[in-house]
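A.B. asks: To be precise about what I am sending: the file is called model32.txt and holds compact mmCIF, C-alpha atoms.
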```txt
# COMPACT_ATOMS: atom_id res chain seq x y z
CA MET A 213 146.97 259.86 -117.06
CA LYS A 214 150.37 260.05 -118.71
CA PRO A 215 151.68 263.60 -119.27
CA ILE A 216 151.43 264.76 -122.88
CA ARG A 217 154.84 265.63 -124.30
CA PRO A 218 154.75 266.43 -128.04
CA ILE A 219 157.78 265.09 -129.86
CA ARG A 220 160.69 267.21 -131.06
CA ASP A 221 161.95 265.21 -134.04
CA GLY A 222 160.94 267.79 -136.65
CA ARG A 223 157.62 266.20 -137.60
CA GLU A 224 154.63 268.51 -137.82
CA VAL A 225 150.92 268.58 -138.53
CA LEU A 226 149.34 270.83 -141.16
CA TRP A 227 145.62 271.49 -140.78
CA ARG A 228 143.69 272.33 -143.98
CA ILE A 229 140.12 273.68 -144.00
CA THR A 230 137.99 275.63 -146.46
CA GLU A 231 137.13 279.25 -145.72
CA ALA A 232 133.40 278.45 -145.60
CA ASP A 233 133.90 275.57 -143.14
CA ARG A 234 136.18 277.72 -141.01
CA GLU A 235 133.52 280.42 -140.66
CA LYS A 236 130.84 277.87 -139.71
CA LEU A 237 133.20 276.24 -137.22
CA LEU A 238 134.07 279.52 -135.49
CA ARG A 239 130.39 280.41 -135.12
CA LEU A 240 129.83 277.05 -133.45
CA LEU A 241 132.90 277.18 -131.19
CA PHE A 242 132.23 280.65 -129.84
CA HIS A 243 128.64 279.75 -129.02
CA ARG A 244 129.21 280.84 -125.39
CA TYR A 245 131.83 283.49 -126.04
CA PRO A 246 133.33 285.38 -124.23
CA GLU A 247 132.92 283.87 -120.75
CA SER A 248 132.75 280.10 -121.24
CA GLU A 249 134.15 277.29 -123.36
CA TRP A 250 132.35 275.38 -126.08
CA GLY A 251 133.39 272.55 -128.36
CA THR A 252 132.59 269.80 -130.82
CA PHE A 253 133.88 266.53 -132.14
CA PHE A 254 134.79 266.60 -135.82
CA ARG A 255 135.70 264.23 -138.65
CA PHE A 256 138.83 264.60 -140.70
CA GLY A 257 140.79 262.99 -143.50
CA TYR A 258 144.50 262.46 -143.04
CA ARG A 259 147.67 261.46 -144.81
CA ARG A 260 150.89 260.36 -143.14
CA THR A 261 153.82 261.98 -144.96
CA ARG A 262 157.58 262.16 -144.69
CA TRP A 263 157.32 265.46 -142.80
CA GLY A 264 154.41 264.52 -140.51
CA ILE A 265 150.63 264.38 -140.99
CA LEU A 266 148.18 266.35 -143.11
CA VAL A 267 144.76 266.78 -141.46
CA THR A 268 141.90 267.89 -143.75
CA TRP A 269 138.65 269.04 -142.19
CA VAL A 270 135.54 267.13 -143.31
CA ASP A 271 132.73 268.21 -140.98
CA SER A 272 131.77 268.69 -137.36
CA LEU A 273 129.77 266.17 -135.34
CA LYS A 274 127.72 268.98 -133.82
CA PRO A 275 126.65 268.58 -130.20
CA GLU A 276 122.95 268.07 -129.73
CA THR A 277 120.83 269.11 -126.77
CA GLY A 278 122.33 267.58 -123.64
CA ASP A 279 125.63 266.55 -125.26
CA LEU A 280 127.61 269.29 -123.46
CA ASP A 281 127.16 270.50 -119.91
CA ARG A 282 125.91 274.08 -120.25
CA HIS A 283 126.26 274.71 -116.50
CA SER A 284 130.01 274.15 -116.55
CA PRO A 285 132.34 276.99 -117.61
CA LEU A 286 134.62 274.30 -119.08
CA VAL A 287 133.88 272.06 -122.05
CA GLU A 288 132.54 268.73 -120.78
CA PHE A 289 131.37 266.04 -123.22
CA ARG A 290 128.71 263.72 -121.85
CA PRO A 291 128.78 259.92 -122.40
CA GLY A 292 126.11 259.88 -125.11
CA TYR A 293 128.04 262.36 -127.23
CA ILE A 294 131.26 260.38 -126.83
CA ARG A 295 129.47 257.21 -127.92
CA ARG A 296 128.23 258.96 -131.07
CA ALA A 297 131.80 259.98 -131.88
CA LEU A 298 133.01 256.39 -131.38
CA ASP A 299 130.17 255.11 -133.58
CA SER A 300 131.35 257.49 -136.30
CA LEU A 301 134.80 255.90 -136.16
CA GLU A 302 133.28 252.50 -136.85
CA ALA A 303 131.10 253.81 -139.71
CA ASP A 304 133.86 254.92 -142.12
CA GLU A 305 137.62 255.40 -142.54
CA LEU A 306 137.82 259.01 -141.38
CA GLY A 307 139.50 260.15 -138.19
CA VAL A 308 137.61 261.81 -135.33
CA GLY A 309 139.01 264.59 -133.18
CA MET A 310 137.97 267.30 -130.73
CA ILE A 311 138.12 271.07 -131.00
CA HIS A 312 137.02 273.61 -128.42
CA SER A 313 137.24 277.31 -127.60
CA HIS A 314 138.72 279.02 -124.58
CA PRO A 315 137.15 282.16 -123.08
CA GLN A 316 138.21 285.61 -124.24
CA ASP A 317 141.84 286.54 -123.51
CA CYS A 318 142.69 283.00 -122.42
CA ALA A 319 145.65 281.63 -124.37
CA PRO A 320 144.83 278.50 -126.42
CA PHE A 321 147.24 276.31 -124.45
CA PRO A 322 146.01 272.99 -123.01
CA SER A 323 145.01 272.99 -119.37
CA HIS A 324 145.38 269.98 -117.04
CA SER A 325 141.76 269.04 -117.78
CA ASP A 326 142.47 269.32 -121.54
CA ASP A 327 145.44 266.98 -121.09
CA ASP A 328 143.27 264.50 -119.21
CA MET A 329 140.59 264.54 -121.93
CA ASP A 330 143.11 264.19 -124.75
CA SER A 331 144.90 261.31 -123.02
CA TYR A 332 141.59 259.46 -122.63
CA PHE A 333 140.24 260.21 -126.12
CA ALA A 334 143.56 259.40 -127.82
CA GLU A 335 143.58 255.87 -126.39
CA GLU A 336 139.86 255.24 -126.96
CA PHE A 337 139.73 256.66 -130.47
CA GLU A 338 142.90 254.84 -131.53
CA LEU A 339 141.36 251.58 -130.33
CA PHE A 340 137.96 252.10 -132.01
CA GLY A 341 139.57 253.59 -135.12
CA ASN A 342 142.00 250.70 -135.70
CA GLY A 343 145.06 252.92 -135.31
CA ARG A 344 143.76 256.09 -136.93
CA PRO A 345 145.16 259.39 -135.59
CA TYR A 346 143.31 261.48 -133.03
CA ALA A 347 143.41 265.29 -133.41
CA SER A 348 142.87 267.97 -130.78
CA PHE A 349 142.62 271.73 -131.35
CA ILE A 350 142.02 274.74 -129.10
CA VAL A 351 141.07 278.22 -130.35
CA SER A 352 140.68 281.54 -128.55
CA ARG A 353 140.14 285.24 -129.15
CA ASN A 354 141.49 288.29 -127.40
CA SER A 355 139.60 291.50 -126.66
CA GLU A 356 140.33 292.71 -130.21
CA ARG A 357 138.80 289.47 -131.57
CA LYS A 358 142.14 288.32 -132.95
CA LEU A 359 142.12 284.54 -133.33
CA SER A 360 144.85 282.16 -132.18
CA PHE A 361 145.03 278.38 -131.90
CA THR A 362 147.13 275.40 -130.90
CA GLY A 363 146.76 271.75 -131.75
CA ARG A 364 148.29 268.30 -131.49
CA VAL A 365 147.72 264.91 -133.08
CA PHE A 366 148.23 261.53 -131.43
CA ASP A 367 149.51 258.94 -133.90
CA ARG A 368 151.08 255.56 -133.21
CA GLY A 369 151.96 256.34 -129.63
CA GLU A 370 153.35 259.85 -130.17
CA TRP A 371 152.00 263.40 -129.95
CA ILE A 372 152.86 265.68 -132.90
CA PRO A 373 152.31 269.47 -132.73
CA VAL A 374 150.19 271.35 -135.25
CA SER A 375 152.36 274.02 -136.87
CA GLU A 376 149.97 275.82 -139.25
CA CYS A 377 146.41 276.05 -140.52
CA LEU A 378 145.99 276.51 -144.28
CA VAL A 379 142.65 278.01 -145.29
CA THR A 380 141.37 277.50 -148.85
CA GLY A 381 138.87 279.97 -150.26
CA GLU A 382 138.71 283.30 -152.04
CA ARG A 383 142.02 283.99 -150.32
CA CYS A 384 144.67 281.45 -149.36
CA LEU A 385 145.61 281.96 -145.71
CA ARG A 386 148.52 280.39 -143.82
CA GLU A 387 147.95 280.88 -140.09
CA PRO A 388 150.71 279.74 -137.69
CA ALA A 389 149.80 278.04 -134.44
CA ARG A 390 150.61 279.82 -131.18
CA ARG A 391 154.04 278.75 -129.96
CA THR A 392 154.18 276.78 -126.72
CA ILE A 393 157.13 275.65 -124.69
CA TRP A 394 157.39 272.43 -126.70
CA SER A 395 157.02 273.92 -130.17
CA ALA A 396 159.89 274.01 -132.62
CA PRO A 397 161.56 277.44 -132.74
CA GLU A 398 160.74 279.72 -135.65
CA SER A 399 163.37 280.23 -138.31
CA THR A 400 165.72 283.10 -137.55
CA GLY A 401 166.77 283.51 -141.18
CA SER A 402 166.05 286.83 -142.82
CA ALA A 403 166.35 288.27 -146.27
CA PRO A 404 168.63 291.27 -146.84
CA ASN A 405 166.85 294.60 -146.60
CA VAL A 406 167.01 295.51 -150.27
CA PRO A 407 163.98 297.48 -151.59
CA THR A 408 163.21 295.15 -154.51
CA GLN A 409 159.54 294.89 -153.50
CA GLU A 410 158.84 298.61 -153.16
CA ARG A 411 156.14 298.66 -155.85
CA VAL A 412 154.56 295.46 -154.52
CA VAL A 413 154.20 297.14 -151.13
CA GLN A 414 152.69 300.24 -152.74
CA LEU A 415 150.19 298.08 -154.60
CA LEU A 416 149.28 295.40 -152.05
CA GLY A 417 150.22 296.87 -148.68
CA ALA A 418 153.07 296.69 -146.19
CA ASP A 419 152.39 293.08 -145.15
CA ALA A 420 152.52 291.72 -148.72
CA THR A 421 156.22 290.87 -148.68
CA GLY A 422 155.84 289.05 -145.36
CA ARG A 423 153.00 286.96 -146.78
CA PHE A 424 155.07 286.15 -149.87
CA ARG A 425 158.08 285.04 -147.82
CA ARG A 426 155.91 282.74 -145.71
CA SER A 427 154.27 281.19 -148.78
CA VAL A 428 154.96 277.78 -150.31
CA ILE A 429 154.00 277.44 -154.00
CA GLY A 430 154.10 274.26 -156.06
CA ILE A 431 154.84 274.25 -159.80
CA VAL A 432 154.19 271.04 -161.74
CA GLY A 433 155.96 271.36 -165.09
CA CYS A 434 159.06 273.54 -165.53
CA SER A 435 159.15 274.38 -169.23
CA GLY A 436 156.97 276.65 -171.40
CA THR A 437 154.42 277.88 -168.86
CA GLY A 438 156.19 276.68 -165.71
CA SER A 439 159.51 278.48 -166.22
CA PRO A 440 158.04 282.00 -166.65
CA ALA A 441 155.82 281.37 -163.62
CA ILE A 442 158.89 280.32 -161.63
CA HIS A 443 160.73 283.39 -162.92
CA VAL A 444 157.97 285.74 -161.68
CA LEU A 445 157.57 283.99 -158.32
CA ALA A 446 161.30 284.05 -157.62
CA ARG A 447 161.36 287.81 -158.25
CA ALA A 448 158.37 288.18 -155.89
CA GLU A 449 160.57 286.56 -153.18
CA ILE A 450 158.23 283.66 -152.48
CA GLY A 451 159.54 281.77 -149.44
CA GLU A 452 159.62 278.28 -150.96
CA LEU A 453 159.01 276.80 -154.40
CA VAL A 454 158.29 273.08 -154.82
CA ILE A 455 159.14 272.33 -158.47
CA VAL A 456 158.39 269.08 -160.29
CA ASP A 457 159.19 267.85 -163.80
CA PRO A 458 160.27 264.37 -164.97
CA GLY A 459 162.03 265.34 -168.19
CA PRO A 460 165.42 266.51 -169.49
CA PHE A 461 165.90 269.81 -171.26
CA LYS A 462 165.62 269.56 -175.06
CA ALA A 463 166.86 271.97 -177.69
CA SER A 464 163.30 272.46 -178.97
CA GLY A 465 162.37 273.95 -175.61
CA HIS A 466 165.02 276.66 -175.63
CA GLN A 467 162.79 279.24 -177.33
CA ARG A 468 160.21 279.09 -174.51
CA ASN A 469 162.15 277.94 -171.41
CA HIS A 470 163.11 280.96 -169.31
CA ALA A 471 165.66 278.96 -167.33
CA SER A 472 167.79 277.70 -170.22
CA ARG A 473 171.00 279.20 -171.60
CA HIS A 474 172.76 278.67 -174.91
CA SER A 475 175.43 276.61 -173.15
CA ASP A 476 172.72 274.16 -172.04
CA LEU A 477 172.17 273.23 -175.70
CA LEU A 478 175.68 271.78 -175.80
CA ALA A 479 175.55 269.89 -172.49
CA ASP A 480 175.99 266.12 -172.65
CA PRO A 481 174.03 264.63 -171.01
CA PRO A 482 171.40 267.37 -171.10
CA PRO A 483 170.43 268.82 -167.70
CA SER A 484 166.99 268.26 -166.26
CA LYS A 485 164.43 271.03 -166.57
CA VAL A 486 164.17 271.04 -162.78
CA ALA A 487 167.93 271.70 -162.44
CA LEU A 488 167.68 274.66 -164.82
CA ALA A 489 164.72 276.08 -162.86
CA ALA A 490 166.54 275.68 -159.54
CA ARG A 491 169.55 277.51 -161.00
CA LEU A 492 167.31 280.36 -162.18
CA ILE A 493 165.70 280.74 -158.76
CA GLY A 494 169.07 280.80 -157.01
CA GLU A 495 170.40 283.51 -159.32
CA ILE A 496 167.33 285.72 -158.85
CA ASN A 497 166.71 285.24 -155.13
CA PRO A 498 169.01 282.97 -153.09
CA ALA A 499 166.69 283.33 -150.08
CA THR A 500 163.92 281.34 -151.79
CA LYS A 501 164.06 277.72 -150.68
CA VAL A 502 163.84 275.22 -153.53
CA THR A 503 162.43 271.72 -153.11
CA ALA A 504 163.00 270.04 -156.47
CA PHE A 505 161.92 266.70 -157.92
CA VAL A 506 163.00 265.15 -161.20
CA GLY A 507 160.00 262.94 -160.95
CA ASP A 508 156.35 262.32 -161.58
CA LEU A 509 153.30 263.86 -159.97
CA LEU A 510 152.13 260.35 -159.10
CA ASP A 511 155.23 259.68 -156.96
CA GLU A 512 154.36 259.47 -153.26
CA ALA A 513 157.29 261.70 -152.24
CA VAL A 514 156.20 264.38 -154.71
CA LEU A 515 152.61 264.32 -153.43
CA ASP A 516 153.79 264.65 -149.83
CA GLU A 517 155.64 267.88 -150.61
CA LEU A 518 152.89 269.37 -152.76
CA LEU A 519 150.44 268.97 -149.88
CA ARG A 520 152.46 271.55 -147.91
CA CYS A 521 151.79 274.21 -150.56
CA ASP A 522 149.43 277.15 -150.31
CA LEU A 523 148.72 276.79 -154.03
CA ILE A 524 149.83 274.63 -156.95
CA LEU A 525 150.33 275.85 -160.52
CA GLY A 526 149.62 273.10 -163.04
CA CYS A 527 151.97 273.84 -165.97
CA THR A 528 151.76 270.49 -167.71
CA ASP A 529 149.84 269.41 -170.81
CA SER A 530 149.51 265.74 -169.81
CA ASN A 531 146.04 264.39 -169.15
CA TYR A 532 146.94 262.12 -166.25
CA ALA A 533 148.72 264.97 -164.41
CA ARG A 534 145.70 267.23 -164.87
CA ALA A 535 143.47 264.47 -163.44
CA ALA A 536 145.83 264.04 -160.48
CA LEU A 537 145.83 267.79 -159.80
CA GLY A 538 142.03 267.73 -159.73
CA ASP A 539 142.15 264.93 -157.15
CA ILE A 540 144.63 266.87 -155.00
CA ALA A 541 142.32 269.89 -154.99
CA ALA A 542 139.24 267.84 -154.12
CA HIS A 543 140.69 265.40 -151.58
CA TYR A 544 143.38 267.48 -149.88
CA LEU A 545 141.89 270.99 -150.18
CA VAL A 546 144.92 272.39 -152.05
CA PRO A 547 143.80 274.96 -154.66
CA VAL A 548 145.23 274.44 -158.15
CA LEU A 549 145.56 276.92 -161.01
CA ASP A 550 145.72 274.88 -164.22
CA LEU A 551 147.45 276.71 -167.08
CA ALA A 552 147.03 275.65 -170.70
CA VAL A 553 147.99 276.98 -174.14
CA GLN A 554 146.83 275.82 -177.56
CA MET A 555 147.97 277.14 -180.94
CA ARG A 556 146.88 276.11 -184.43
CA ALA A 557 148.26 277.21 -187.80
CA GLU A 558 147.32 276.67 -191.44
CA ASP A 559 149.54 277.41 -194.44
CA GLY A 560 152.02 279.19 -192.21
CA VAL A 561 149.39 281.49 -190.67
CA LEU A 562 148.20 281.32 -187.05
CA ARG A 563 144.48 280.57 -187.01
CA GLU A 564 143.93 279.93 -183.32
CA GLN A 565 145.61 281.07 -180.10
CA LEU A 566 143.88 279.84 -176.97
CA ALA A 567 144.99 280.48 -173.38
CA GLU A 568 143.15 278.98 -170.41
CA ILE A 569 143.50 279.39 -166.66
CA ALA A 570 141.21 277.11 -164.64
CA LEU A 571 140.84 276.99 -160.86
CA TYR A 572 140.30 273.65 -159.12
CA ALA A 573 139.25 273.97 -155.50
CA PRO A 574 136.70 272.49 -153.08
CA GLY A 575 133.20 273.22 -154.33
CA LEU A 576 134.29 274.03 -157.90
CA PRO A 577 134.09 271.78 -161.00
CA CYS A 578 136.96 269.33 -161.44
CA PRO A 579 138.98 268.95 -164.67
CA TRP A 580 136.75 266.04 -165.73
CA CYS A 581 133.65 268.20 -165.29
CA ARG A 582 135.27 271.01 -167.29
CA GLY A 583 136.10 268.66 -170.18
CA ARG A 584 139.84 269.29 -169.86
CA ILE A 585 140.86 265.59 -169.92
CA GLU A 586 140.95 263.11 -172.80
CA VAL A 587 140.57 259.50 -171.68
CA ASN A 588 142.52 258.22 -174.68
CA GLY A 589 145.28 260.63 -173.76
CA ILE A 590 145.57 259.09 -170.29
CA ARG A 591 145.70 255.61 -171.82
CA TYR A 592 148.54 256.64 -174.09
CA GLU A 593 150.49 258.55 -171.43
CA THR A 594 150.33 255.79 -168.82
CA ALA A 595 151.01 252.86 -171.18
CA THR A 596 154.42 251.25 -171.37
CA VAL A 597 156.30 251.03 -174.68
CA ALA A 598 155.36 247.35 -174.93
CA GLU A 599 151.68 248.11 -174.31
CA ARG A 600 151.65 250.81 -177.00
CA GLN A 601 153.26 248.43 -179.49
CA PHE A 602 150.82 245.64 -178.64
CA ARG A 603 147.79 247.92 -179.12
CA ALA A 604 149.12 249.33 -182.38
CA GLU A 605 149.62 245.82 -183.74
CA ALA A 606 146.14 244.78 -182.57
CA ALA A 607 144.64 247.81 -184.31
CA ALA A 608 146.50 247.02 -187.55
CA ALA A 609 145.28 243.41 -187.45
CA ALA A 610 141.70 244.59 -186.86
CA GLU A 611 141.89 246.93 -189.84
CA GLN A 612 143.00 244.02 -192.04
CA ARG A 613 139.87 242.13 -190.90
CA GLY A 614 137.72 245.10 -191.83
CA VAL A 615 137.14 246.11 -188.21
CA ASP A 616 137.65 249.61 -186.83
CA GLY A 617 141.06 249.52 -185.12
CA ALA A 618 140.37 252.57 -182.96
CA GLN A 619 138.94 250.33 -180.23
CA TYR A 620 142.44 248.89 -179.79
CA TRP A 621 144.55 251.95 -180.48
CA GLY A 622 143.53 255.56 -180.98
CA GLY A 623 146.86 256.51 -182.48
CA THR A 624 149.66 258.64 -181.10
CA PRO A 625 148.31 262.03 -179.94
CA PRO A 626 149.80 264.96 -181.86
CA PRO A 627 152.25 267.13 -179.91
CA GLU A 628 151.06 270.47 -178.54
CA LEU A 629 152.81 273.02 -180.76
CA THR A 630 153.32 276.17 -178.72
CA VAL A 631 155.85 278.98 -178.84
CA GLY A 632 157.31 281.16 -176.17
CA TYR A 633 155.43 284.42 -176.34
CA LEU A 634 152.06 282.85 -175.52
CA THR A 635 153.35 280.37 -172.93
CA THR A 636 155.28 283.22 -171.27
CA MET A 637 152.12 285.32 -171.03
CA VAL A 638 150.05 282.52 -169.52
CA GLY A 639 152.75 281.42 -167.09
CA ALA A 640 153.29 284.98 -165.88
CA MET A 641 149.54 285.54 -165.51
CA GLY A 642 149.21 282.33 -163.50
CA ALA A 643 151.96 283.52 -161.16
CA GLY A 644 150.21 286.87 -160.90
CA TYR A 645 146.91 285.35 -159.90
```
Please go through the file and, once you have read it, give me the structure as structure tokens.

C.D. replies:
Amino acid sequence: MKPIRPIRDGREVLWRITEADREKLLRLLFHRYPESEWGTFFRFGYRRTRWGILVTWVDSLKPETGDLDRHSPLVEFRPGYIRRALDSLEADELGVGMIHSHPQDCAPFPSHSDDDMDSYFAEEFELFGNGRPYASFIVSRNSERKLSFTGRVFDRGEWIPVSECLVTGERCLREPARRTIWSAPESTGSAPNVPTQERVVQLLGADATGRFRRSVIGIVGCSGTGSPAIHVLARAEIGELVIVDPGPFKASGHQRNHASRHSDLLADPPPSKVALAARLIGEINPATKVTAFVGDLLDEAVLDELLRCDLILGCTDSNYARAALGDIAAHYLVPVLDLAVQMRAEDGVLREQLAEIALYAPGLPCPWCRGRIEVNGIRYETATVAERQFRAEAAAAAEQRGVDGAQYWGGTPPPELTVGYLTTMVGAMGAGY
């Protein structure tokens, strides 16, 4: 077998799994803990990105009686079990990988026998899977039951190391893989020791600031609700913010955009809302990394970066973006907090002030199920100018014939009229959650 040498070109693998699936998996893997190994094949979804590969856990192909050799202290998969795994590759478009446990106090680094198995399975599974990646993970516990893991993915002739596991559930966990000799070195950067987070530590514990600085948070929409959320997260010293908004700053947004200044009203051309947000973050906490996109949530490059996030805040009032955020939560296991504000007035008096925070995550209702999406709104938002004109003309012609024109054109949706005090409250609460 060829020696396995994971590549060093900066690519990485992120492994996402729900908290419930993680607990079930650990019970299965430590079936013969602490003396002997145990393991299972598993199915996973994947996405090749600019930074590497996202692996999302689907389910385990649990070993049945006789699939593993119980008399061996090592994990040994018998031919019938391997055939079932190969059959699974031919049944759908998911990838198939292997995960197993090492005995107590054994580091989760691959042994020579692990290398031999992975070399064999990588070639076989790539062949039967028509070029799909093959994933391999090892987990172990020490005498204090502290968990550690390593992993690697074979894709298109190269081995890529797993850097982190992101767990989605009641808590969002980011667990780094154990470092091996071939892993990329950890960042040596550090924030200055200024006690800005003293009250956070008193409230949430001494490790809170470390968790914040390791976190990656996505914000889709950088104006009324997005900018106060960004403001709060920057002051919390979040490690990285991925910010997305396609539009330029407008004067009408000044009263609710926390990132804008009076001088921005006079700028020609006007700056993007993303540029204003990035400036705000840099002025509050230069240590926070900013990954910014003047772009659309449907752009492939934007999606790739959002999939690295622990959590995404949806701060947009567009229907198609809300639908896309629901898909990201369901398909890629990235939890989303969707923030919304609605205000209604009559005769100069506020009659309705509605604030909503909805969570989209695996096992929870999606935005369609919650009734938070208007189909006509998506049609309007995704139509070109020419398409909107064509439908409006078709509707007018239908009305002249005595036919209801709504089937051709539902009209231009009214703008959401919101002001800064309510959007600020909701954005700050979303960041707080």

A.B. asks: Could you tell me how far CA of Asn531 in chain A sits from CA of Pro577 in chain A, in Å to one decimal place?

C.D. replies: 16.2 Å

A.B. asks: With only C-alpha atoms counted and 6 Å as the cut-off, give the residues of range 245-285 of chain A in contact with range 300-307 of chain A, each with its shortest interatomic distance in Å and the pair that gives it, as CSV.

C.D. replies:
```
residue,atom,partner,partner_atom,distance
A:Arg255,CA,A:Gly307,CA,5.6
A:Phe256,CA,A:Gly307,CA,5.2
A:Gly257,CA,A:Leu306,CA,5.4
```

A.B. asks: Which distance in Å separates CA of Arg491 in chain A and CA of Thr630 in chain A, to one decimal?

C.D. replies: 24.1 Å

A.B. asks: Hey, what's within 10 Å of range 375-387 of chain A if we count only C-alpha atoms and toss same-chain stuff fewer than 4 positions away? As an MDAnalysis selection string, please?

C.D. replies: chainID A and resid 223:234 267:268 359:364 391 395:396 423 426:428 520:523 541 545:547 573:575

A.B. asks: Measuring atom to atom with all atoms listed in the file, identify which of A:Val412, A:Val502, A:Ala536, A:Val351 is nearest to Ile590 in chain A.

C.D. replies: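 Ranked by minimum distance to Ile590 in chain A, first place goes to A:Ala536.
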
A.B. asks: Rank A:Arg447, A:His243, A:Arg344, A:Arg262 by their smallest atom-to-atom distance to Gly309 in chain A, using only C-alpha atoms, and report the top residue only.

C.D. replies: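 When distances to Gly309 in chain A are compared using only C-alpha atoms, the smallest one comes from A:Arg344.
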
A.B. asks: What would the list of residues within 12 Å of (150.4, 280.0, -164.7) (file frame) look like as JSON, numbers by chain, if only C-alpha atoms are what count?

C.D. replies: {"A": [429, 430, 431, 432, 433, 434, 435, 436, 437, 438, 439, 440, 441, 442, 443, 444, 445, 523, 524, 525, 526, 527, 528, 548, 549, 550, 551, 552, 553, 567, 568, 569, 570, 571, 634, 635, 636, 637, 638, 639, 640, 641, 642, 643, 644, 645]}

A.B. asks: Which distance in Å separates CA of Phe461 in chain A and CA of Pro579 in chain A, to one decimal?

C.D. replies: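 These two atoms are separated by 27.7 Å.
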
A.B. asks: Which one is closest to Gly632 in chain A: A:Met555, A:Ile265, A:Leu509, A:Met310? Count all atoms listed in the file.

C.D. replies: A:Met555
